[in-house]
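Trainee: Below is a structure I'd like to ask you about.
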Amino acid sequence: MSNIDNLFMKEALKEAREAFSKDEVPVGAVVVHNGKIIARAHNQVELLKDPTAHAEMIAITQATNYLGAKWLNDCSAYVTIEPCSMCAGALVLARINKLFFGAEDPKTGACGSIIDITNNKKLNHRIIVKKGILEKECSLLLSEFFKRKRKIESAKNN
């Protein structure tokens with residue numbers, strides 16, 4: 001992993017921590033174009049009562065608005081966890097060039113864990129994927145969040 005990849009993933013982690021502070025699943029994403037962050041987002045599913053309000057979806061919209069284009073060919077996305085099928089599909093449709101993610105998601109990951117939408121030969125675009133960027137930090141944040149959730153649920157039930 002390069003220092004620049006770690007730097008951008010640290011920015012995605014800042015977004016994930018923001019989501020954590022708002023009781024959202026702590027996922028953060030940034031989109032980079034020509035070495036500059038042009039979009040940053042975190043999950044807002046609970047806030048917006050919208051199952052599609054994932055960090056990646058919001059970041060894609062911000063990036064296309066910033067560039068005034070529907071394609072993100074010259075862009076890279078940095079996401080703290082492996083994107084789900086919805087987000088991986090949106091990244092393919094947006095034609096993002098590269099995807100870097102931190103933690104793998106063995107339950108819903110669609111970039112190689114349970115399915116690989118990002119490199120499906122039947123689709124018209126494939127994404128260069130690099131996983132494991134600051135994996136420990138990304139995984140720890142998610143673990144802390146769900147541990148806290150279970151503790152709160154347990155307290156409610158007692």
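Each chain in the structure tokens gets a letter, A, B and so on, in the order shown; residues start at 1 in every chain, and ligands are counted from 1 in the order they appear.
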Just the helix (DSSP H, G or I) stuff from segment 59-144 of chain A, please, per backbone DSSP, written as a list in words.

Mentor: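 These are the residues in question: Ala59, Ile60, Thr61, Gln62, Ala63, Thr64, Asn65, Tyr66, Leu67, Ser85, Met86, Cys87, Ala88, Gly89, Ala90, Leu91, Val92, Leu93, Glu135, Lys136, Glu137, Cys138, Ser139, Leu140, Leu141, Leu142, Ser143 and Glu144 of chain A.
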
Trainee: Keeping C-alpha atoms, export the residues of the selection given above as a PDB file, in the first residue's frame.

Mentor:
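This went into out_7.pdb:
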ATOM      1  CA  ALA A  59     -20.081   9.988  -2.776  1.00  0.00           C
ATOM      2  CA  ILE A  60     -20.803   8.938  -6.378  1.00  0.00           C
ATOM      3  CA  THR A  61     -23.545  11.563  -6.637  1.00  0.00           C
ATOM      4  CA  GLN A  62     -21.277  14.246  -5.164  1.00  0.00           C
ATOM      5  CA  ALA A  63     -18.423  13.315  -7.522  1.00  0.00           C
ATOM      6  CA  THR A  64     -20.548  13.353 -10.676  1.00  0.00           C
ATOM      7  CA  ASN A  65     -22.013  16.694  -9.624  1.00  0.00           C
ATOM      8  CA  TYR A  66     -18.521  18.085  -8.975  1.00  0.00           C
ATOM      9  CA  LEU A  67     -17.246  16.949 -12.382  1.00  0.00           C
ATOM     10  CA  SER A  85     -23.974  -5.372  -4.408  1.00  0.00           C
ATOM     11  CA  MET A  86     -25.895  -2.087  -4.741  1.00  0.00           C
ATOM     12  CA  CYS A  87     -22.792   0.040  -4.245  1.00  0.00           C
ATOM     13  CA  ALA A  88     -20.507  -2.186  -6.339  1.00  0.00           C
ATOM     14  CA  GLY A  89     -23.070  -2.021  -9.152  1.00  0.00           C
ATOM     15  CA  ALA A  90     -23.272   1.758  -8.875  1.00  0.00           C
ATOM     16  CA  LEU A  91     -19.458   2.018  -8.978  1.00  0.00           C
ATOM     17  CA  VAL A  92     -19.437  -0.095 -12.161  1.00  0.00           C
ATOM     18  CA  LEU A  93     -22.235   1.982 -13.713  1.00  0.00           C
ATOM     19  CA  GLU A 135      -7.877  -3.005   7.230  1.00  0.00           C
ATOM     20  CA  LYS A 136      -7.291  -3.231  10.973  1.00  0.00           C
ATOM     21  CA  GLU A 137      -8.553   0.307  11.654  1.00  0.00           C
ATOM     22  CA  CYS A 138     -11.567  -0.156   9.391  1.00  0.00           C
ATOM     23  CA  SER A 139     -12.500  -3.506  10.954  1.00  0.00           C
ATOM     24  CA  LEU A 140     -12.032  -2.242  14.496  1.00  0.00           C
ATOM     25  CA  LEU A 141     -14.427   0.660  13.970  1.00  0.00           C
ATOM     26  CA  LEU A 142     -17.141  -1.670  12.671  1.00  0.00           C
ATOM     27  CA  SER A 143     -16.550  -4.150  15.496  1.00  0.00           C
ATOM     28  CA  GLU A 144     -16.801  -1.396  18.111  1.00  0.00           C
TER      29      GLU A 144
END

Trainee: Give me the residues within 9 Å of Phe101 of chain A as a list in words, counting only C-alpha atoms and dropping any in the same chain fewer than 4 places off.

Mentor: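 So, after excluding close chain neighbours, the residues are Met9, Ala77, Tyr78, Val79, Thr80, Ile81, Glu82, Pro83, Val129, Lys130, Lys131, Gly132, Ile133, Leu134, Glu135 and Cys138 of chain A.
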
Trainee: Considering only C-alpha atoms, return as an MDAnalysis selection string whatever protein or nucleic-acid residues lie within 9 Å of Glu46 of chain A, sequence-local ones (same chain, fewer than 4 positions apart) excluded.

Mentor: chainID A and resid 22:25 50:51 53

Trainee: Can you list, as a VMD selection string, all residues belonging to segment 4-156 of chain A that DSSP tags as strand (DSSP E)?

Mentor: chain A and resid 28 to 33 36 to 42 75 to 81 98 to 103 128 to 131

Trainee: From the list A:Ala29, A:Ile127, A:Ile114, A:Ala103, which residue is nearest Leu72 of chain A when using only C-alpha atoms?

Mentor: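 Ranked by minimum distance to Leu72 of chain A, first place goes to A:Ile127.
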
Trainee: Ser113 of chain A: which residues within 10 Å, counting only C-alpha atoms, same-chain residues fewer than 4 positions away excluded, as a PyMOL selection string?

Mentor: chain A and resi 82-84+104-109
